[in-house]
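> Sharing a structure with you now.
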Amino acid sequence: PYDDMRKIRGREIGAIFQDPLTSLNPLYTVGQQLVETVTTHLNMSAAAARQRAVELLEATGIPAAERRIDHYPHQFSGGMRQRVVIALALAAQPKLVIADEPTTALDVSIQAQIIQLLKRLCRERGSAVMLITHDMGVIAEACDRVAVMYAGRIAEIGPVHAVIHVPAHP
């Protein structure tokens, strides 16, 4: 049922989607959204969850996190919103983070920052990342292994270096 899946989403699996603005509720501050995620999945008081939320925003590179936590999503740039979504995805210490085209709406310099941030934070926290993208440059930069899909099926799978340099599928 819904409640069982809600416990898995966030706690076991975090998600980062393509458009951070649609991932965030415009009616709530980013702090309210982070605190709700933390208190839903971890046994913490609201005050402790707020402190964790500030720490997550700091870890994702949000400047003045203590102040910005009370801002709404529209008050952040696209790159900063994606950092908030990364903080949300990592809030409950998931084992797996699924990142679906997390850099598509961002300019190239911000894309690289977001990929490096995601790699570093997941490594530090012991979370695996499944990155879904069409961008082979992002795959080459961010991944260890790659599965190439064609017509809804895996056409090729292996280490990134091998698949990029000696592809078995056109």
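Naming scheme: A, B, ... for chains in displayed order of the structure tokens; residues 1 onward per chain; ligands 1 onward as shown.
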If you run DSSP on the backbone, which residues of range 33-97 of chain A are helix (DSSP H, G or I), as a VMD selection string?

chain A and resid 33 to 41 46 to 59 65 to 68 73 to 75 78 to 90

> Take the selection from the previous step and output its residues with N, CA and C atoms, as a tab-separated table (two decimals), in the first residue's frame.


chain	number	residue	atom	x	y	z
A	33	GLN	N	10.13	21.41	3.71
A	33	GLN	CA	10.18	20.17	2.92
A	33	GLN	C	11.28	19.23	3.42
A	34	LEU	N	12.44	19.79	3.75
A	34	LEU	CA	13.52	18.97	4.29
A	34	LEU	C	13.16	18.41	5.66
A	35	VAL	N	12.62	19.24	6.53
A	35	VAL	CA	12.26	18.79	7.88
A	35	VAL	C	11.21	17.69	7.81
A	36	GLU	N	10.23	17.83	6.93
A	36	GLU	CA	9.20	16.79	6.79
A	36	GLU	C	9.83	15.47	6.36
A	37	THR	N	10.75	15.52	5.41
A	37	THR	CA	11.41	14.29	4.94
A	37	THR	C	12.20	13.65	6.07
A	38	VAL	N	12.96	14.44	6.81
A	38	VAL	CA	13.78	13.91	7.89
A	38	VAL	C	12.90	13.31	9.00
A	39	THR	N	11.87	14.04	9.44
A	39	THR	CA	11.03	13.54	10.54
A	39	THR	C	10.19	12.34	10.12
A	40	THR	N	9.86	12.24	8.83
A	40	THR	CA	9.10	11.09	8.35
A	40	THR	C	9.93	9.81	8.42
A	41	HIS	N	11.23	9.93	8.12
A	41	HIS	CA	12.05	8.73	7.96
A	41	HIS	C	13.04	8.47	9.10
A	46	ALA	N	11.62	17.92	15.63
A	46	ALA	CA	11.58	18.94	14.58
A	46	ALA	C	12.81	19.84	14.65
A	47	ALA	N	13.26	20.16	15.87
A	47	ALA	CA	14.45	21.02	16.01
A	47	ALA	C	15.70	20.32	15.50
A	48	ALA	N	15.85	19.04	15.82
A	48	ALA	CA	17.01	18.28	15.34
A	48	ALA	C	16.93	18.11	13.82
A	49	ALA	N	15.72	17.90	13.30
A	49	ALA	CA	15.54	17.76	11.86
A	49	ALA	C	15.87	19.07	11.15
A	50	ARG	N	15.52	20.19	11.75
A	50	ARG	CA	15.85	21.49	11.14
A	50	ARG	C	17.37	21.68	11.11
A	51	GLN	N	18.04	21.29	12.19
A	51	GLN	CA	19.51	21.41	12.22
A	51	GLN	C	20.13	20.51	11.14
A	52	ARG	N	19.58	19.30	10.99
A	52	ARG	CA	20.06	18.39	9.94
A	52	ARG	C	19.81	19.01	8.56
A	53	ALA	N	18.67	19.65	8.39
A	53	ALA	CA	18.35	20.29	7.11
A	53	ALA	C	19.35	21.40	6.79
A	54	VAL	N	19.71	22.20	7.79
A	54	VAL	CA	20.71	23.25	7.58
A	54	VAL	C	22.04	22.62	7.19
A	55	GLU	N	22.43	21.55	7.88
A	55	GLU	CA	23.69	20.86	7.56
A	55	GLU	C	23.67	20.31	6.14
A	56	LEU	N	22.53	19.75	5.71
A	56	LEU	CA	22.42	19.23	4.35
A	56	LEU	C	22.54	20.35	3.31
A	57	LEU	N	21.90	21.47	3.59
A	57	LEU	CA	22.01	22.60	2.66
A	57	LEU	C	23.45	23.11	2.60
A	58	GLU	N	24.12	23.16	3.74
A	58	GLU	CA	25.54	23.56	3.74
A	58	GLU	C	26.38	22.57	2.96
A	59	ALA	N	26.12	21.27	3.16
A	59	ALA	CA	26.89	20.22	2.49
A	59	ALA	C	26.70	20.27	0.97
A	65	ALA	N	23.04	28.99	4.55
A	65	ALA	CA	22.00	27.97	4.68
A	65	ALA	C	21.05	28.26	5.84
A	66	GLU	N	21.57	28.78	6.93
A	66	GLU	CA	20.74	29.08	8.11
A	66	GLU	C	19.63	30.07	7.76
A	67	ARG	N	19.92	30.97	6.86
A	67	ARG	CA	18.93	31.97	6.42
A	67	ARG	C	18.10	31.45	5.25
A	68	ARG	N	18.76	30.80	4.31
A	68	ARG	CA	18.09	30.35	3.08
A	68	ARG	C	17.10	29.21	3.32
A	73	PRO	N	11.14	27.72	-2.97
A	73	PRO	CA	11.90	27.26	-4.14
A	73	PRO	C	12.11	28.33	-5.22
A	74	HIS	N	11.12	29.19	-5.47
A	74	HIS	CA	11.27	30.18	-6.54
A	74	HIS	C	12.33	31.25	-6.20
A	75	GLN	N	12.79	31.28	-4.95
A	75	GLN	CA	13.80	32.26	-4.55
A	75	GLN	C	15.23	31.75	-4.79
A	78	GLY	N	18.29	27.92	-10.65
A	78	GLY	CA	18.14	26.52	-11.06
A	78	GLY	C	19.18	25.61	-10.43
A	79	GLY	N	20.44	26.05	-10.43
A	79	GLY	CA	21.51	25.24	-9.84
A	79	GLY	C	21.34	25.09	-8.34
A	80	MET	N	20.90	26.16	-7.68
A	80	MET	CA	20.66	26.09	-6.23
A	80	MET	C	19.46	25.21	-5.91
A	81	ARG	N	18.43	25.26	-6.75
A	81	ARG	CA	17.28	24.37	-6.53
A	81	ARG	C	17.70	22.92	-6.67
A	82	GLN	N	18.58	22.64	-7.65
A	82	GLN	CA	19.03	21.25	-7.82
A	82	GLN	C	19.82	20.81	-6.59
A	83	ARG	N	20.57	21.71	-5.97
A	83	ARG	CA	21.29	21.40	-4.74
A	83	ARG	C	20.31	21.09	-3.61
A	84	VAL	N	19.20	21.82	-3.55
A	84	VAL	CA	18.17	21.55	-2.54
A	84	VAL	C	17.57	20.16	-2.78
A	85	VAL	N	17.32	19.82	-4.04
A	85	VAL	CA	16.75	18.50	-4.36
A	85	VAL	C	17.75	17.39	-3.98
A	86	ILE	N	19.03	17.63	-4.18
A	86	ILE	CA	20.04	16.66	-3.76
A	86	ILE	C	20.00	16.50	-2.24
A	87	ALA	N	19.90	17.62	-1.53
A	87	ALA	CA	19.78	17.56	-0.06
A	87	ALA	C	18.55	16.76	0.33
A	88	LEU	N	17.43	16.97	-0.34
A	88	LEU	CA	16.21	16.20	-0.06
A	88	LEU	C	16.42	14.71	-0.32
A	89	ALA	N	17.07	14.39	-1.42
A	89	ALA	CA	17.29	12.98	-1.78
A	89	ALA	C	18.17	12.28	-0.75
A	90	LEU	N	19.10	13.02	-0.14
A	90	LEU	CA	20.03	12.43	0.83
A	90	LEU	C	19.57	12.58	2.28

> Residues within 9 Å of range 118-125 of chain A, please, as a list of chain:residue names. Count only C-alpha atoms; anything in the same chain fewer than 4 positions from it doesn't count.

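Residues meeting the cut-off are A:Ala59, A:Thr60, A:Arg83, A:Ile86, A:Leu90, A:Gln93, A:Pro94, A:Lys95, A:Leu96, A:Val97, A:Gln113, A:Ile114, A:Val129, A:Ala142, A:Cys143.
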
> Those selected residues, please, written with all heavy atoms and delivered as a short mmCIF file (atom, residue, chain, number, x, y, z; two decimals), in the first residue's frame.


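Dumped to out14.cif:
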data_model
loop_
_atom_site.label_atom_id
_atom_site.label_comp_id
_atom_site.auth_asym_id
_atom_site.auth_seq_id
_atom_site.Cartn_x
_atom_site.Cartn_y
_atom_site.Cartn_z
N ALA A 59 26.12 21.27 3.16
CA ALA A 59 26.89 20.22 2.49
C ALA A 59 26.70 20.27 0.97
O ALA A 59 27.61 19.90 0.22
CB ALA A 59 26.50 18.84 3.02
N THR A 60 25.54 20.72 0.54
CA THR A 60 25.29 20.80 -0.91
C THR A 60 25.73 22.13 -1.51
O THR A 60 25.56 22.35 -2.70
CB THR A 60 23.80 20.55 -1.25
OG1 THR A 60 23.00 21.50 -0.55
CG2 THR A 60 23.38 19.15 -0.90
N ARG A 83 20.57 21.71 -5.97
CA ARG A 83 21.29 21.40 -4.74
C ARG A 83 20.31 21.09 -3.61
O ARG A 83 20.54 20.18 -2.81
CB ARG A 83 22.22 22.55 -4.35
CG ARG A 83 23.38 22.73 -5.30
CD ARG A 83 24.15 24.02 -5.05
NE ARG A 83 25.14 24.27 -6.06
CZ ARG A 83 26.38 23.78 -6.04
NH1 ARG A 83 26.78 23.02 -5.04
NH2 ARG A 83 27.22 24.04 -7.02
N ILE A 86 19.03 17.63 -4.18
CA ILE A 86 20.04 16.66 -3.76
C ILE A 86 20.00 16.50 -2.24
O ILE A 86 20.04 15.39 -1.72
CB ILE A 86 21.44 17.05 -4.26
CG1 ILE A 86 21.51 16.91 -5.78
CG2 ILE A 86 22.53 16.22 -3.58
CD1 ILE A 86 22.76 17.49 -6.42
N LEU A 90 19.10 13.02 -0.14
CA LEU A 90 20.03 12.43 0.83
C LEU A 90 19.57 12.58 2.28
O LEU A 90 20.21 12.04 3.18
CB LEU A 90 21.41 13.08 0.67
CG LEU A 90 22.11 12.80 -0.66
CD1 LEU A 90 23.35 13.66 -0.78
CD2 LEU A 90 22.44 11.33 -0.80
N GLN A 93 19.28 9.45 4.52
CA GLN A 93 20.40 8.52 4.39
C GLN A 93 20.03 7.26 3.58
O GLN A 93 20.20 6.14 4.06
CB GLN A 93 20.91 8.13 5.77
CG GLN A 93 21.34 9.33 6.58
CD GLN A 93 21.50 9.02 8.06
OE1 GLN A 93 20.77 8.23 8.63
NE2 GLN A 93 22.47 9.67 8.67
N PRO A 94 19.55 7.44 2.35
CA PRO A 94 19.15 6.27 1.55
C PRO A 94 20.34 5.44 1.11
O PRO A 94 21.46 5.93 1.04
CB PRO A 94 18.45 6.89 0.34
CG PRO A 94 19.17 8.20 0.18
CD PRO A 94 19.43 8.67 1.59
N LYS A 95 20.06 4.18 0.81
CA LYS A 95 21.09 3.29 0.29
C LYS A 95 21.33 3.54 -1.20
O LYS A 95 22.41 3.32 -1.72
CB LYS A 95 20.68 1.84 0.50
CG LYS A 95 20.60 1.45 1.95
CD LYS A 95 20.14 0.02 2.11
CE LYS A 95 20.05 -0.31 3.58
NZ LYS A 95 18.74 -0.80 3.96
N LEU A 96 20.27 4.00 -1.90
CA LEU A 96 20.33 4.23 -3.34
C LEU A 96 19.74 5.59 -3.66
O LEU A 96 18.68 5.94 -3.14
CB LEU A 96 19.54 3.14 -4.09
CG LEU A 96 19.35 3.33 -5.60
CD1 LEU A 96 20.69 3.25 -6.33
CD2 LEU A 96 18.38 2.29 -6.14
N VAL A 97 20.42 6.33 -4.53
CA VAL A 97 19.88 7.59 -5.05
C VAL A 97 19.71 7.41 -6.56
O VAL A 97 20.67 7.08 -7.26
CB VAL A 97 20.82 8.78 -4.76
CG1 VAL A 97 20.31 10.05 -5.44
CG2 VAL A 97 20.99 8.98 -3.27
N GLN A 113 29.54 21.00 -11.69
CA GLN A 113 29.51 21.18 -10.23
C GLN A 113 28.52 20.22 -9.59
O GLN A 113 28.81 19.61 -8.55
CB GLN A 113 29.11 22.62 -9.88
CG GLN A 113 30.13 23.66 -10.20
CD GLN A 113 29.58 25.06 -9.92
OE1 GLN A 113 28.63 25.24 -9.18
NE2 GLN A 113 30.21 26.06 -10.53
N ILE A 114 27.35 20.08 -10.19
CA ILE A 114 26.31 19.22 -9.63
C ILE A 114 26.75 17.75 -9.66
O ILE A 114 26.56 17.02 -8.68
CB ILE A 114 24.96 19.42 -10.37
CG1 ILE A 114 24.43 20.83 -10.12
CG2 ILE A 114 23.94 18.36 -9.98
CD1 ILE A 114 24.07 21.18 -8.68
N VAL A 129 24.58 5.44 -6.51
CA VAL A 129 23.85 6.33 -7.41
C VAL A 129 23.55 5.61 -8.70
O VAL A 129 24.43 5.01 -9.30
CB VAL A 129 24.66 7.61 -7.74
CG1 VAL A 129 23.88 8.52 -8.67
CG2 VAL A 129 25.07 8.34 -6.50
N ALA A 142 30.97 10.74 -14.56
CA ALA A 142 30.36 10.41 -13.27
C ALA A 142 30.27 8.92 -12.93
O ALA A 142 30.11 8.58 -11.77
CB ALA A 142 28.95 11.00 -13.23
N CYS A 143 30.35 8.06 -13.92
CA CYS A 143 29.98 6.66 -13.68
C CYS A 143 31.16 5.70 -13.73
O CYS A 143 32.17 5.96 -14.36
CB CYS A 143 28.95 6.23 -14.72
SG CYS A 143 27.47 7.25 -14.69
#

> Between CA of Val138 in chain A and CA of Gly152 in chain A, what is the spacing in Å?

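Separating CA of Gly152 in chain A from CA of Val138 in chain A is a distance of 20.7 Å.
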
> Of the residues A:Leu21, A:Leu42, A:Val30, A:Ile115, which is the one nearest to Gly137 in chain A, using only C-alpha atoms?

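Among the listed residues, the smallest separation from Gly137 in chain A belongs to A:Ile115.
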
> Which is closest to Ile13 in chain A among A:Met130, A:Ala64, A:Val166, A:Leu106, if we use only C-alpha atoms?

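Of A:Met130, A:Ala64, A:Val166, A:Leu106, the one nearest Ile13 in chain A, counting only C-alpha atoms, is A:Met130.
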
> In Å to one decimal, how far is CA of Gly61 in chain A from CA of Thr104 in chain A?

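It comes out at 19.3 Å.
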
> For CA of Asp19 in chain A and CA of Glu101 in chain A, quote the distance in Å rounded to one decimal.

8.5 Å

> Counting only C-alpha atoms, figure out which residue out of A:Val148, A:Ala92, A:Val160, A:Ile110 gets nearest to Ile8 in chain A.

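Closest to Ile8 in chain A of all the choices is A:Ala92.
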